[in-house]
Structure formats: C-alpha cells, structure tokens
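Novice: Before anything else, here's the structure in question.
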Amino acid sequence: MEAEQEATEDKVFTVSQLTGLIKTMLEGTFPSVQLKGEISNFRPNASGHLYFVLKDNGAQISAVMFRGRAASLAFTPKDGMLVQVRGAVSVYPPRGNYQIIISSMTKAGSGDIMEMIEERKRRLAEEGLFDESRRRPLPFFPRTVGVVTSPTGAALRDILQIARRRNDKVSVIVLPAIVQGEGAAESIVRMIRAANVWRLCDVLIVGRGGGSLEDLLPFSEEIVVRAVAASAIPVVSAVGHEIDWALCDFAADKRAPTPSAAAELVIPIKDDIVQQLQASRNELRTNIESRLQRLRLTLRTFTPESMELQFRSKEQPLLARLEDARSTLEQTMSRIIDSRRNSIGQCVRVLEACSPEAVLRRGYAMVTDGATGKIIRSAADVTAGAQLCIRPAAGRIRAQVTESIPDGGAAEGSSRSK
C-alpha cells in the first residue's frame with residue numbers, strides 16, 4: 001500500500017490525466033443521485049438546453065439538463081425555485097468543473113431567497129409602495145440622465161453608447177455604486193439620495209446587467225425599494241435581463257427589461273425630434289399661407305361698390321320688414337281707436353238717454369218742496385198751502401198748493417198756482 005502511494009506521489013500527471021482519473025472516479029461512484037436544492041443563475045440556451053446552479057446554504061453545484069429531457073418538464077424553472085432532481089455526477093474536463101447532468105426534475109416548493117422576496121413584496125405592497133397611482137410620467141426631453149450602477153460594468157457602457165448614438169444633447173451623469181455583494185444596497189441608496197439632494201438629473205436609471213438571483217438581490221432590499229419609491233426624480237428600474245426582476249421594478253415609475261432598453265426609453269432620438277419639429281413648422285407655415293391667401297381673395301371682393309351693394313342687399317329686406325310692421329301697426333291702432341270711439345259714443349248715448357234733462361225736455365217736470373227742496377213724488381208728500389218749486393225743461397215755477405188729492409182719496413181742495 002505504501003509502495004503504491006509512493007509510486008503515485010512520484011508519478012507526474014498531466015492535467016488531462018488527473019482530470020480523467022477524477023472523472024472516472026466521480027462518474028463511477030455517483031452514476032445516479034438525487035439532489036434537492038434552489039435554482040440560481042438560470043440560463044436557458046437557445047438550443048433548448050438548461051444551465052443553472054443548484055445551491056443550499058452551504059454549497060452549490062453546476063447543473064445541466066439537455067433539450068430532450070427539458071422538453072418533458074411540466075413547469076418552467078426559474079431562479080429561486082426549490083427543486084428535486086435525479087441525475088449523474090460528471091466532470092467537464094475543458095473547465096475542470098464537476099456538475100450534475102439531470103435526467104428528471106420536479107418542483108419541491110419555494111426557495112429560501114424567493115420566499116423571503118415574496119414575503120417582502122407582499123408587505124411593501126400593503127403599504128402602497130407599488131400602487132400604480134404613484135407612478136409619474138418620464139420627462140419627454142431630459143437634459144441630464146443619472147445612472148446608478150457599477151462604473152465598470154457592461155450596463156454602463158451600453159447606456160453611454162446608446163446615449164451618444166441617440167442624442168448628443170443629453171448629458172449622462174454616472175453615480176457609481178456597488179451593485180452586488182456586501183454593502184451594495186447601502187451604496188445604491190446613497191447614490192439615489194445624492195441625486196435627489198443635489199438635483200443632479202431629470203430622470204434616474206437604477207440597475208445593472210444580468211446575474212444570478214443572489215447577484216440581483218441588492219435591488220430587492222427594502223432600503224433600496226423605499227429609496228426608489230421616495231425619489232422626487234422619476235426612476236427607471238433596469239435590473240438584469242428581460243427575464244430577471246427585482247422589487248425595485250415595482251416601486252419605480254417605469255420598468256425597463258435591460259439597462260440598454262432603459263437608455264432607449266429615457267433618451268429621445270434627436271433626429272426624430274428635429275424631423276418632427278421641421279414637419280410641424282412646415283405644416284404651420286402651409287396653414288398660415290393658405291389662410292392668408294383665402295383672406296386676400298376675400299378682401300378683393302370688398303370694393304366700395306360691392307360693399308354698398310352688399311349693404312343694400314342687407315338693408316332692403318330690413319326696410320321692407322320695417323315698412324310692413326309700421327303699416328300693420330297703423331292699421332291695428334286705427335281699428336282699436338275706431339272700436340274705442342264707437343264704444344264711447346254708445347256709452348254717451350246711453351248716459352244722455354238716462355239724463356234728467358233729457359226727460360224734462362220730453363215734457364216732464366221736477367217738483368220739489370219750496371221750503372226743504374225735497375223732491376215731491378206723491379200728492380201725499382204735500383198739504384194745502386205748501387210752497388212748491390216746479391222745474392220744467394227751461395226756467396222755474398213757484399206755486400202754492402190749494403188742494404192735494406192722493407190716489408183714490410177725497411178732494412181736499414183745489415190747486416192753484418200764483
């Protein structure tokens with residue numbers, strides 16, 4: 001045994017030989033094994049193969065599920081999902097990595113990280129931090145765009161390249177932050193607050209490039225979510241790739257699938273704006289010239305003769321209507337006056353017929369007591385010797401009663417007038 005060990009120690013292996021020995025030992029020892037772990041850094045390949053990492057609190061292992069096996073899955077794997085897999089342990093010599101080649105996979109529940117994020121999401125949503133009503137529109141033409149990200153990451157290079165290509169009039173200010181690992185959340189929050197305190201920009205892009213669920217975790221930290229929600233500057237969240245997400249996506253005013261998409265979202269294309277302005281200017285000029293031409297043609301018709309003719313054409317119908325109204329009014333007033341005159345004349349005739357003077361003119365006379373002036377209506381109203389005043393139609397007659405004979409009574413004397 002010692003001799004074999006000494007022979008092994010003395011032998012010089014090539015890297016390929018040692019890797020081959022390890023490959024043979026591992027694959028022979030673990031031809032079939034079952035594992036339970038949380039999916040991380042899930043990367044589906046365009047050919048249909050699935051690449052990801054299985055991890056728990058203490059370790060991780062690379063995993064691959066080839067297209068033929070992946071096609072039979074009844075669910076879509078994603079970061080943070082807790083799964084149970086069956087497969088064979090293998091070694092990939094070109095990289096010297098060991099991995100598990102999965103033949104079957106089932107869901108086993110939610111992973112610890114996803115469970116924590118989902119619980120935090122529910123709690124912050126109950127506070128109203130994710131309400132749609134809180135989202136503000138992005139400025140149409142920002143003068144300055146702030147970017148909170150790693151100063152050495154590919155995300156920043158993409159944003160700067162797109163900014164130069166789309167609009168050289170928009171300035172980009174970089175707010176360097178740690179975007180993964182210890183202290184990342186605090187660094188992101190400091191940059192967001194600095195941008196707001198000093199009003200460094202008109203719109204803020206907060207994000208980074210793609211990565212595993214753990215890499216993107218700082219953008220789901222509560223302090224980052226609250227800083228994004230409290231920002232007075234509109235915020236665009238651009239974390240990872242299109243399939244990735246973080247809690248700050250829900251608190252931001254706009255979510256972009258990638259940092260490049262965020263740059264295209266907030267930076268307008270200068271040439272398009274210039275073309276729109278030119279088109280609007282040309283349209284406005286055409287409209288003004290068209291209106292002026294119509295006004296010129298209209299003004300040519302306003303000669304003194306044509307204006308007088310137009311005035312007469314307007315005046316004549318009005319004068320005719322006025323004349324008709326005057327004639328109608330005169331006729332109506334004449335009829336009313338004649339009617340009133342006839343009514344008054346009839347009343348006068350009735351009054352004259354009822355007048356005492358008219359009665360007297362017909363041969364009647366009015367007799368009154370000479371002493372009292374009381375009208376005598378009956379022979380019984382006087383006695384012999386009484387003084388009477390007789391009023392015919394003309395003049396007055398004084399008389400003295402010599403005899404008063406009531407109707408049906410005996411003669412009391414004769415009446416004479418002196």
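We name chains A, B, ... following the order of the structure tokens; residues begin at 1 in each chain, and ligands are numbered from 1 as shown.
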Given only C-alpha atoms, how would the per-residue table for region 172-244 of chain A near region 264-286 of chain A read, listing every residue at most 12 Å away with its closest atom pair and distance in Å to one decimal, sorted by chain and number, as JSON lines?

Specialist:
```
{"residue": "A:Val172", "atom": "CA", "partner": "A:Ile267", "partner_atom": "CA", "distance": 10.0}
{"residue": "A:Cys201", "atom": "CA", "partner": "A:Val266", "partner_atom": "CA", "distance": 11.9}
{"residue": "A:Asp202", "atom": "CA", "partner": "A:Val266", "partner_atom": "CA", "distance": 9.9}
{"residue": "A:Val203", "atom": "CA", "partner": "A:Val266", "partner_atom": "CA", "distance": 7.6}
{"residue": "A:Leu204", "atom": "CA", "partner": "A:Val266", "partner_atom": "CA", "distance": 9.0}
{"residue": "A:Ile205", "atom": "CA", "partner": "A:Val266", "partner_atom": "CA", "distance": 8.7}
{"residue": "A:Pro234", "atom": "CA", "partner": "A:Val266", "partner_atom": "CA", "distance": 10.3}
{"residue": "A:Val235", "atom": "CA", "partner": "A:Val266", "partner_atom": "CA", "distance": 10.0}
{"residue": "A:Val236", "atom": "CA", "partner": "A:Val266", "partner_atom": "CA", "distance": 8.3}
{"residue": "A:Ser237", "atom": "CA", "partner": "A:Leu265", "partner_atom": "CA", "distance": 11.1}
{"residue": "A:Ala238", "atom": "CA", "partner": "A:Leu265", "partner_atom": "CA", "distance": 10.6}
```

Novice: Take the selection from the previous step and output its residues with C-alpha atoms, as an mmCIF file, in the first residue's frame.

Specialist:
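This is the output file out-v4.cif:
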```
data_model
loop_
_atom_site.group_PDB
_atom_site.id
_atom_site.type_symbol
_atom_site.label_atom_id
_atom_site.label_comp_id
_atom_site.auth_asym_id
_atom_site.auth_seq_id
_atom_site.Cartn_x
_atom_site.Cartn_y
_atom_site.Cartn_z
ATOM 1 C CA VAL A 172 -25.270 61.428 -18.683
ATOM 2 C CA CYS A 201 -30.572 64.918 -13.153
ATOM 3 C CA ASP A 202 -34.077 64.959 -14.648
ATOM 4 C CA VAL A 203 -34.517 61.175 -14.708
ATOM 5 C CA LEU A 204 -32.692 58.388 -12.910
ATOM 6 C CA ILE A 205 -31.778 54.914 -14.211
ATOM 7 C CA PRO A 234 -38.585 59.872 -11.810
ATOM 8 C CA VAL A 235 -36.848 56.482 -11.639
ATOM 9 C CA VAL A 236 -36.473 53.796 -14.312
ATOM 10 C CA SER A 237 -35.577 50.376 -12.910
ATOM 11 C CA ALA A 238 -33.322 48.350 -15.229
#
```

Novice: Which residues of region 200-241 of chain A come within 12 Å of region 53-72 of chain A, and what is each one's closest atom pair and distance in Å (one decimal), counting only C-alpha atoms, sorted by chain and residue number, as JSON lines?

Specialist:
```
{"residue": "A:Gly211", "atom": "CA", "partner": "A:Val53", "partner_atom": "CA", "distance": 11.9}
{"residue": "A:Ser212", "atom": "CA", "partner": "A:Val53", "partner_atom": "CA", "distance": 9.1}
{"residue": "A:Leu213", "atom": "CA", "partner": "A:Val53", "partner_atom": "CA", "distance": 10.5}
{"residue": "A:Glu214", "atom": "CA", "partner": "A:Lys55", "partner_atom": "CA", "distance": 11.0}
```

Novice: Could you take the residues named above and write them with C-alpha atoms, as a PDB file, in the first residue's frame?

Specialist:
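Below is the file part-v2.pdb, written as the result:
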```
ATOM      1  CA  GLY A 211     -26.669  37.839 -12.955  1.00  0.00           C
ATOM      2  CA  SER A 212     -27.877  35.179 -10.583  1.00  0.00           C
ATOM      3  CA  LEU A 213     -30.714  35.678  -8.151  1.00  0.00           C
ATOM      4  CA  GLU A 214     -28.161  36.378  -5.415  1.00  0.00           C
TER       5      GLU A 214
END
```

Novice: To test your reading of the structure, identify every residue in region 39-247 of chain A that backbone DSSP assigns to strand (DSSP E), and report it as a VMD selection string.

Specialist: chain A and resid 39 to 44 50 to 55 60 to 65 81 to 92 97 to 110 144 to 149 171 to 176 203 to 208 235 to 239

Novice: Closest to Glu115 (chain A) among A:Met81, A:Ile159, A:Ala358, A:Cys248, using only C-alpha atoms?

Specialist: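 Closest residue, counting only C-alpha atoms: A:Met81.
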
Novice: DSSP on the backbone, then: every residue of region 231-313 of chain A marked helix (DSSP H, G or I), written as a PyMOL selection string.

Specialist: chain A and resi 248-251+259-266+270-300+304-313

Novice: Given the selection you just returned, output its residues as a file containing C-alpha atoms, formatted as a short mmCIF file (atom, residue, chain, number, x, y, z; two decimals), in the first residue's frame.

Specialist:
```cif
data_model
loop_
_atom_site.label_atom_id
_atom_site.label_comp_id
_atom_site.auth_asym_id
_atom_site.auth_seq_id
_atom_site.Cartn_x
_atom_site.Cartn_y
_atom_site.Cartn_z
CA CYS A 248 -37.40 48.00 -7.15
CA ASP A 249 -39.11 47.30 -10.52
CA PHE A 250 -42.48 47.62 -8.76
CA ALA A 251 -41.57 50.81 -6.89
CA PRO A 259 -30.22 48.81 -19.00
CA SER A 260 -29.96 49.32 -22.77
CA ALA A 261 -33.74 49.41 -23.03
CA ALA A 262 -33.82 51.93 -20.18
CA ALA A 263 -31.47 54.23 -22.11
CA GLU A 264 -33.67 53.98 -25.20
CA LEU A 265 -36.72 54.66 -23.04
CA VAL A 266 -35.49 57.90 -21.44
CA LYS A 270 -32.58 63.83 -31.64
CA ASP A 271 -33.00 63.32 -35.39
CA ASP A 272 -36.61 62.20 -34.91
CA ILE A 273 -37.37 65.28 -32.82
CA VAL A 274 -35.73 67.57 -35.38
CA GLN A 275 -37.75 65.95 -38.17
CA GLN A 276 -40.96 66.32 -36.15
CA LEU A 277 -40.21 69.98 -35.49
CA GLN A 278 -39.45 70.60 -39.15
CA ALA A 279 -42.64 68.81 -40.20
CA SER A 280 -44.67 70.81 -37.69
CA ARG A 281 -43.06 74.04 -38.82
CA ASN A 282 -43.78 73.27 -42.47
CA GLU A 283 -47.36 72.34 -41.67
CA LEU A 284 -47.84 75.53 -39.66
CA ARG A 285 -46.36 77.64 -42.44
CA THR A 286 -48.57 75.95 -45.05
CA ASN A 287 -51.68 76.54 -42.95
CA ILE A 288 -50.81 80.21 -42.39
CA GLU A 289 -50.09 80.82 -46.07
CA SER A 290 -53.34 79.08 -47.05
CA ARG A 291 -55.35 81.24 -44.67
CA LEU A 292 -53.62 84.40 -45.85
CA GLN A 293 -54.38 83.51 -49.46
CA ARG A 294 -58.05 82.98 -48.63
CA LEU A 295 -58.11 86.32 -46.81
CA ARG A 296 -56.52 88.08 -49.80
CA LEU A 297 -59.12 86.62 -52.15
CA THR A 298 -61.86 87.65 -49.76
CA LEU A 299 -60.55 91.20 -49.39
CA ARG A 300 -60.50 91.66 -53.17
CA PRO A 304 -66.77 100.38 -52.29
CA GLU A 305 -69.34 99.45 -54.96
CA SER A 306 -69.56 95.81 -53.86
CA MET A 307 -69.76 96.79 -50.20
CA GLU A 308 -72.58 99.28 -50.96
CA LEU A 309 -74.36 96.59 -52.97
CA GLN A 310 -73.95 94.11 -50.14
CA PHE A 311 -75.16 96.75 -47.68
CA ARG A 312 -78.20 97.49 -49.81
CA SER A 313 -78.95 93.81 -50.20
#
```

Novice: Please determine, counting only C-alpha atoms, which residue among A:Leu200, A:Val367, A:Leu351, A:Ala252 has the shortest atom-to-atom distance to Ser133 (chain A).

Specialist: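 Using only C-alpha atoms, the shortest distance to Ser133 (chain A) belongs to A:Ala252.
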
Novice: Write out as a list in words the residues lying within 10 Å of Arg362 (chain A), counting only C-alpha atoms and excluding same-chain residues fewer than 5 positions away.

Specialist: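 Returned residues: Glu357, Pro392 and Ala393 of chain A.
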
Novice: Take the residues from that selection and put them in a file with N, CA and C atoms, as a short mmCIF file (atom, residue, chain, number, x, y, z; two decimals), in the first residue's frame.

Specialist:
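What ended up in selection-v1.cif:
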```
data_model
loop_
_atom_site.label_atom_id
_atom_site.label_comp_id
_atom_site.auth_asym_id
_atom_site.auth_seq_id
_atom_site.Cartn_x
_atom_site.Cartn_y
_atom_site.Cartn_z
N GLU A 357 -132.26 115.88 -17.60
CA GLU A 357 -132.55 116.97 -18.51
C GLU A 357 -133.23 116.46 -19.76
N PRO A 392 -139.47 122.81 -15.04
CA PRO A 392 -139.65 122.21 -16.36
C PRO A 392 -138.30 122.17 -17.08
N ALA A 393 -138.33 121.90 -18.38
CA ALA A 393 -137.08 121.82 -19.14
C ALA A 393 -136.35 123.15 -19.14
#
```

Novice: Would you work out the distance separating CA of Gln84 (chain A) from CA of Gly37 (chain A), expressed in Å to one decimal?

Specialist: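 Atom-to-atom, CA of Gln84 (chain A) to CA of Gly37 (chain A), that is 6.6 Å.
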